[in-house]
$ cat target-v4.txt   # compact mmCIF, C-alpha atoms
# COMPACT_ATOMS: atom_id res chain seq x y z
CA MET V 25 11.05 -85.20 -17.61
CA LEU V 26 12.27 -82.29 -15.48
CA THR V 27 15.03 -82.86 -12.96
CA GLN V 28 14.70 -81.82 -9.30
CA HIS V 29 16.80 -78.71 -10.00
CA GLN V 30 14.66 -77.75 -12.96
CA LYS V 31 11.46 -78.05 -10.94
CA ARG V 32 12.67 -75.77 -8.19
CA VAL V 33 12.44 -72.01 -8.76
CA VAL V 34 13.56 -69.02 -6.76
CA LYS V 35 10.85 -67.82 -4.40
CA ASN V 36 10.61 -64.15 -5.26
CA PRO V 37 9.27 -61.28 -3.12
CA GLU V 38 6.00 -59.65 -4.08
CA ARG V 39 7.60 -56.21 -4.19
CA SER V 40 11.11 -54.80 -4.56
CA ILE V 41 12.77 -51.40 -4.50
CA ILE V 42 15.89 -51.37 -6.69
CA ILE V 43 18.42 -48.56 -6.68
CA ALA V 44 19.88 -48.42 -10.17
CA GLY V 45 22.84 -46.33 -11.17
CA VAL V 46 26.46 -46.02 -12.21
CA GLN V 47 29.48 -45.83 -9.92
CA ARG V 48 30.08 -42.61 -7.96
CA SER V 49 26.56 -41.26 -8.34
CA GLY V 50 25.68 -41.58 -4.64
CA PRO V 51 23.95 -44.98 -4.40
CA SER V 52 25.61 -45.92 -1.09
CA PHE V 53 24.42 -42.65 0.45
CA LEU V 54 20.89 -43.38 -0.75
CA CYS V 55 21.03 -47.00 0.43
CA ASP V 56 21.94 -45.96 3.95
CA ALA V 57 19.15 -43.38 4.01
CA LEU V 58 16.55 -45.91 2.85
CA GLN V 59 17.76 -48.59 5.26
CA LYS V 60 17.17 -46.19 8.16
CA LEU V 61 13.49 -45.90 7.21
CA GLY V 62 12.94 -49.58 8.01
CA ASN V 63 10.04 -50.30 5.65
CA VAL V 64 11.50 -50.03 2.15
CA GLY V 65 13.79 -53.05 2.12
CA LEU V 66 17.46 -53.04 3.09
CA PRO V 67 19.08 -52.13 -0.23
CA ALA V 68 22.71 -53.13 -0.70
CA GLU V 69 24.90 -54.45 -3.51
CA TYR V 70 24.20 -58.12 -2.80
CA PHE V 71 25.39 -59.50 -6.13
CA VAL V 72 28.87 -57.95 -6.46
CA LYS V 73 30.65 -61.10 -5.29
CA MET V 74 28.35 -63.20 -7.42
CA VAL V 75 29.66 -61.70 -10.67
CA GLU V 76 33.35 -61.96 -9.77
CA PRO V 77 35.31 -64.64 -11.69
CA GLN V 78 36.32 -66.58 -8.58
CA TRP V 79 32.65 -67.00 -7.62
CA ILE V 80 31.50 -67.99 -11.09
CA GLU V 81 34.06 -70.77 -11.44
CA ASN V 82 32.48 -74.20 -10.91
CA LYS V 83 29.20 -72.76 -9.59
CA GLU V 84 26.09 -74.81 -10.30
CA ILE V 85 22.42 -73.95 -10.62
CA GLU V 86 21.76 -74.48 -6.90
CA ASP V 87 24.57 -72.06 -5.98
CA ILE V 88 22.95 -69.37 -8.10
CA ARG V 89 19.51 -69.99 -6.60
CA ASN V 90 20.86 -70.04 -3.06
CA ARG V 91 22.73 -66.76 -3.55
CA ILE V 92 19.60 -65.04 -4.86
CA GLU V 93 17.43 -66.44 -2.07
CA THR V 94 19.98 -65.43 0.57
CA ALA V 95 20.07 -61.90 -0.84
CA ILE V 96 16.29 -61.68 -0.71
CA GLN V 97 16.29 -62.80 2.93
CA GLU V 98 19.07 -60.38 3.89
CA GLY V 99 17.61 -57.45 1.97
CA SER V 100 13.94 -57.63 3.01
CA THR V 101 12.21 -55.68 5.75
CA ALA V 102 9.40 -57.07 7.90
CA ASN V 103 6.76 -55.86 5.44
CA GLY V 104 8.20 -58.17 2.76
CA ILE V 105 9.78 -55.50 0.56
CA PHE V 106 13.18 -56.43 -0.87
CA GLY V 107 15.79 -53.72 -1.40
CA LEU V 108 18.68 -53.96 -3.85
CA LYS V 109 21.41 -51.73 -5.21
CA ILE V 110 22.68 -52.66 -8.65
CA MET V 111 25.09 -50.83 -10.95
CA TRP V 112 24.81 -51.09 -14.72
CA ASN V 113 27.95 -53.21 -15.13
CA THR V 114 26.84 -55.55 -12.33
CA TYR V 115 23.41 -55.85 -13.94
CA CYS V 116 24.94 -56.97 -17.26
CA ASP V 117 27.12 -59.62 -15.58
CA PHE V 118 24.29 -60.72 -13.27
CA MET V 119 22.02 -61.30 -16.26
CA LYS V 120 24.56 -63.64 -17.88
CA ILE V 121 24.63 -65.74 -14.72
CA VAL V 122 20.92 -65.97 -13.88
CA LYS V 123 19.99 -66.90 -17.43
CA GLN V 124 21.53 -70.28 -16.60
CA LEU V 125 18.47 -70.99 -14.43
CA PRO V 126 16.18 -73.33 -16.41
CA GLU V 127 13.04 -71.45 -15.39
CA LEU V 128 14.42 -68.25 -16.93
CA LYS V 129 15.66 -69.65 -20.24
CA THR V 130 12.44 -68.87 -22.11
CA ILE V 131 11.91 -65.42 -20.55
CA GLU V 132 12.94 -62.26 -22.37
CA ASP V 133 15.94 -60.48 -20.88
CA LYS V 134 13.89 -57.38 -20.13
CA GLN V 135 11.55 -59.40 -17.89
CA ILE V 136 14.10 -61.37 -15.88
CA LEU V 137 14.43 -58.95 -12.95
CA GLN V 138 10.65 -58.86 -12.59
CA SER V 139 10.56 -62.66 -12.65
CA LEU V 140 13.07 -62.79 -9.80
CA PHE V 141 12.04 -59.80 -7.70
CA GLY V 142 8.33 -59.28 -8.30
CA ASN V 143 6.73 -55.86 -8.68
CA ILE V 144 9.68 -53.45 -8.93
CA THR V 145 10.03 -49.73 -8.35
CA PHE V 146 13.38 -48.50 -9.61
CA ILE V 147 15.11 -45.53 -8.00
CA TRP V 148 17.38 -44.24 -10.75
CA ILE V 149 20.14 -42.20 -9.15
CA ARG V 150 22.33 -40.01 -11.36
CA ARG V 151 24.71 -37.13 -11.04
CA ARG V 152 24.32 -33.94 -13.03
CA ASP V 153 28.03 -33.15 -12.93
CA LYS V 154 29.51 -36.12 -14.76
CA THR V 155 33.00 -34.62 -14.81
CA ARG V 156 33.09 -34.69 -11.02
CA GLN V 157 31.61 -38.17 -11.09
CA ALA V 158 34.35 -39.44 -13.42
CA VAL V 159 37.03 -37.69 -11.36
CA SER V 160 35.65 -39.26 -8.19
CA TRP V 161 35.70 -42.69 -9.82
CA ALA V 162 39.29 -42.22 -11.05
CA LYS V 163 40.47 -41.11 -7.63
CA ALA V 164 38.70 -44.01 -5.88
CA ALA V 165 40.30 -46.43 -8.33
CA GLN V 166 43.74 -45.16 -7.30
CA THR V 167 43.12 -45.06 -3.55
CA GLY V 168 41.06 -48.26 -3.45
CA LYS V 169 38.53 -46.41 -1.28
CA PHE V 170 35.11 -46.46 -2.93
CA SER V 171 33.31 -45.42 0.24
CA LEU V 172 34.20 -43.57 3.41
CA ARG V 173 32.36 -44.33 6.62
CA GLU V 174 32.17 -42.07 9.64
CA GLY V 175 34.88 -42.97 12.12
CA ASN V 176 37.05 -44.53 9.41
CA GLU V 177 38.55 -41.41 7.88
CA THR V 178 42.09 -41.97 6.67
CA THR V 179 44.36 -40.04 4.35
CA PRO V 180 45.65 -42.00 1.30
CA THR V 181 49.38 -42.65 1.51
CA ILE V 182 49.86 -43.18 -2.22
CA ASP V 183 50.87 -40.48 -4.66
CA LEU V 184 47.72 -39.74 -6.67
CA LYS V 185 48.30 -38.90 -10.32
CA PHE V 186 45.97 -37.10 -12.72
CA ASN V 187 45.31 -39.10 -15.89
CA PHE V 188 43.17 -37.35 -18.48
CA GLN V 189 42.60 -40.43 -20.66
CA PHE V 190 41.57 -42.58 -17.71
CA ILE V 191 39.05 -40.00 -16.53
CA SER V 192 37.78 -39.55 -20.08
CA ASN V 193 37.23 -43.31 -20.39
CA LEU V 194 35.32 -43.37 -17.12
CA TYR V 195 33.20 -40.45 -18.31
CA LYS V 196 32.24 -42.55 -21.34
CA LEU V 197 31.42 -45.53 -19.11
CA ILE V 198 29.12 -43.30 -17.07
CA GLU V 199 27.31 -42.20 -20.22
CA GLU V 200 27.07 -45.79 -21.48
CA GLY V 201 25.66 -46.93 -18.15
CA GLU V 202 23.05 -44.19 -18.04
CA ASN V 203 22.06 -44.85 -21.64
CA GLY V 204 21.81 -48.55 -20.82
CA TRP V 205 19.47 -47.92 -17.90
CA ALA V 206 17.39 -45.48 -19.94
CA SER V 207 16.92 -48.02 -22.73
CA TYR V 208 16.09 -50.78 -20.26
CA PHE V 209 13.51 -48.69 -18.41
CA GLU V 210 11.89 -47.72 -21.70
CA ALA V 211 11.80 -51.34 -22.89
CA ILE V 212 10.00 -52.62 -19.79
CA LYS V 213 7.92 -49.49 -19.17
CA ALA V 214 9.44 -49.42 -15.69
CA ASP V 215 8.11 -47.67 -12.63
CA VAL V 216 11.00 -45.27 -12.03
CA VAL V 217 11.72 -42.55 -9.47
CA LYS V 218 14.46 -40.26 -10.78
CA VAL V 219 16.88 -38.90 -8.17
CA TYR V 220 19.90 -36.67 -8.61
CA TYR V 221 22.85 -36.93 -6.24
CA GLU V 222 23.13 -33.17 -5.92
CA ASP V 223 19.51 -32.88 -4.73
CA LEU V 224 19.92 -35.84 -2.37
CA VAL V 225 22.91 -34.44 -0.46
CA ASP V 226 21.36 -30.97 -0.44
CA ASN V 227 18.11 -32.14 1.20
CA VAL V 228 18.03 -35.86 1.84
CA ASP V 229 14.78 -35.84 3.82
CA GLN V 230 12.88 -34.00 1.10
CA GLU V 231 14.07 -36.50 -1.52
CA LEU V 232 13.08 -39.40 0.73
CA ILE V 233 9.60 -37.91 1.13
CA ARG V 234 9.29 -37.76 -2.65
CA ILE V 235 10.49 -41.36 -3.04
CA MET V 236 8.18 -42.70 -0.36
CA ASP V 237 5.20 -40.82 -1.75
CA HIS V 238 5.86 -42.38 -5.15
CA CYS V 239 6.09 -45.84 -3.55
CA GLN V 240 2.93 -45.16 -1.53
CA LEU V 241 4.71 -46.00 1.70
CA ASN V 242 4.66 -44.18 5.04
CA LYS V 243 7.75 -42.25 6.07
CA ASN V 244 7.84 -42.08 9.85
CA VAL V 245 11.50 -41.18 10.38
CA SER V 246 13.19 -37.86 9.62
CA ILE V 247 16.64 -38.25 8.07
CA THR V 248 19.35 -35.60 7.81
CA THR V 249 22.74 -35.71 6.11
CA SER V 250 24.41 -36.08 9.51
CA ASP V 251 22.54 -39.38 10.00
CA ILE V 252 24.22 -40.97 6.97
CA ILE V 253 27.29 -43.08 7.76
CA PHE V 254 28.84 -42.52 4.33
CA LEU V 255 30.88 -39.32 4.14
CA ARG V 256 31.62 -37.22 1.08
CA GLN V 257 35.11 -37.99 -0.24
CA SER V 258 35.62 -34.93 -2.39
CA ASP V 259 38.60 -32.74 -1.46
CA ASN V 260 41.09 -30.36 -3.05
CA ILE V 261 42.46 -33.12 -5.24
CA ASN V 262 39.05 -33.64 -6.81
CA GLU V 263 38.77 -29.92 -7.56
CA GLU V 264 42.27 -29.81 -9.05
CA TRP V 265 41.52 -32.78 -11.30
CA VAL V 266 38.19 -31.32 -12.42
CA GLU V 267 39.97 -28.13 -13.43
CA LEU V 268 42.75 -30.03 -15.20
CA PHE V 269 40.24 -32.23 -17.03
CA ASN V 270 38.19 -29.27 -18.21
CA GLU V 271 41.33 -27.48 -19.40
CA SER V 272 42.56 -30.57 -21.25
CA SER V 273 39.14 -31.12 -22.84
CA THR V 274 39.20 -27.68 -24.45
CA ASN V 275 42.74 -27.99 -25.83

$ encode --input "target-v4.txt" --output "structure tokens"
Amino acid sequence: MLTQHQKRVVKNPERSIIIAGVQRSGPSFLCDALQKLGNVGLPAEYFVKMVEPQWIENKEIEDIRNRIETAIQEGSTANGIFGLKIMWNTYCDFMKIVKQLPELKTIEDKQILQSLFGNITFIWIRRRDKTRQAVSWAKAAQTGKFSLREGNETTPTIDLKFNFQFISNLYKLIEEGENGWASYFEAIKADVVKVYYEDLVDNVDQELIRIMDHCQLNKNVSITTSDIIFLRQSDNINEEWVELFNESSTN
């Protein structure tokens, strides 16, 4: 006989838009742009805290369900579309947690997101220049600033140090994450819109038109780069590290 907890399942949305990517590929920029449209969900990284060790400790089935349901409520627009941002490493940890739900125990891993979030369109954001992506990640790891919002510009007070091996390891993590997403999308025959960071920052409105056309949704708001609250963090240090990394890679 099923218990009360086993009988209850997460009430999933009919449709979701999920931004999938790897760190430092521009997902926060894209999230802010999509949120401003008002009819494509309110994508954000709702499950970051959920996969941290301090959250996992002593959490029961109802805690997991409640966190998912709260995220769906917070991330949905009036038309019922749920928006989510999820990085590859968060996805892997999230899967380990949600597979504790009794209703998901007999479902294949590749179908779990669909079981939770309904009909999904993935927006796969990547960066062509992975060296700059890895450098950006390494610098953010040192400064502790993974995003920069307008009106909150500060100069790091720590002495930043170039570390070839650290950047090289992050480069490999980027490749592993992209390969992981590619394999996952192929396995589930996913509906995917491919977006490159470089194209997005060059002409955000044009990329949003392409995304909305794919999703068969109306785009009634024009968005420019100046409308985005997240600022580019690249500076002379990034350029110096890119040059140093490329030089070290050829030696």

$ residues_near_point --input "target-v4.txt" --point "(18.8, -61.5, 0.5)" --cutoff "10 Å" --atoms "all atoms listed in the file" --output "PyMOL selection string"
chain V and resi 65-68+70-71+90-100+106-108

$ atom_distance --input "target-v4.txt" --atom1 "CA of Val217 in chain V" --atom2 "CA of Cys239 in chain V"
8.8 Å

$ closest_residue --input "target-v4.txt" --among "V:Ile41, V:Val245, V:Leu194, V:Ile110" --to "Asp215 in chain V" --atoms "all atoms listed in the file"
V:Ile41

$ residues_around --input "target-v4.txt" --residues "Asn143 in chain V" --least-positions-apart "2" --cutoff "10 Å" --atoms "all atoms listed in the file" --output "list in words"
Asn36, Pro37, Glu38, Arg39, Ser40, Ile41, Ile105, Leu137, Gln138, Ser139, Leu140, Phe141, Thr145, Phe146, Ala214 and Asp215 of chain V

$ atom_distance --input "target-v4.txt" --atom1 "CA of Leu125 in chain V" --atom2 "CA of Ile85 in chain V"
6.2 Å

$ closest_residue --input "target-v4.txt" --among "V:Ile233, V:Ile191, V:Ile252, V:Val266" --to "Asp153 in chain V" --atoms "only C-alpha atoms"
V:Val266
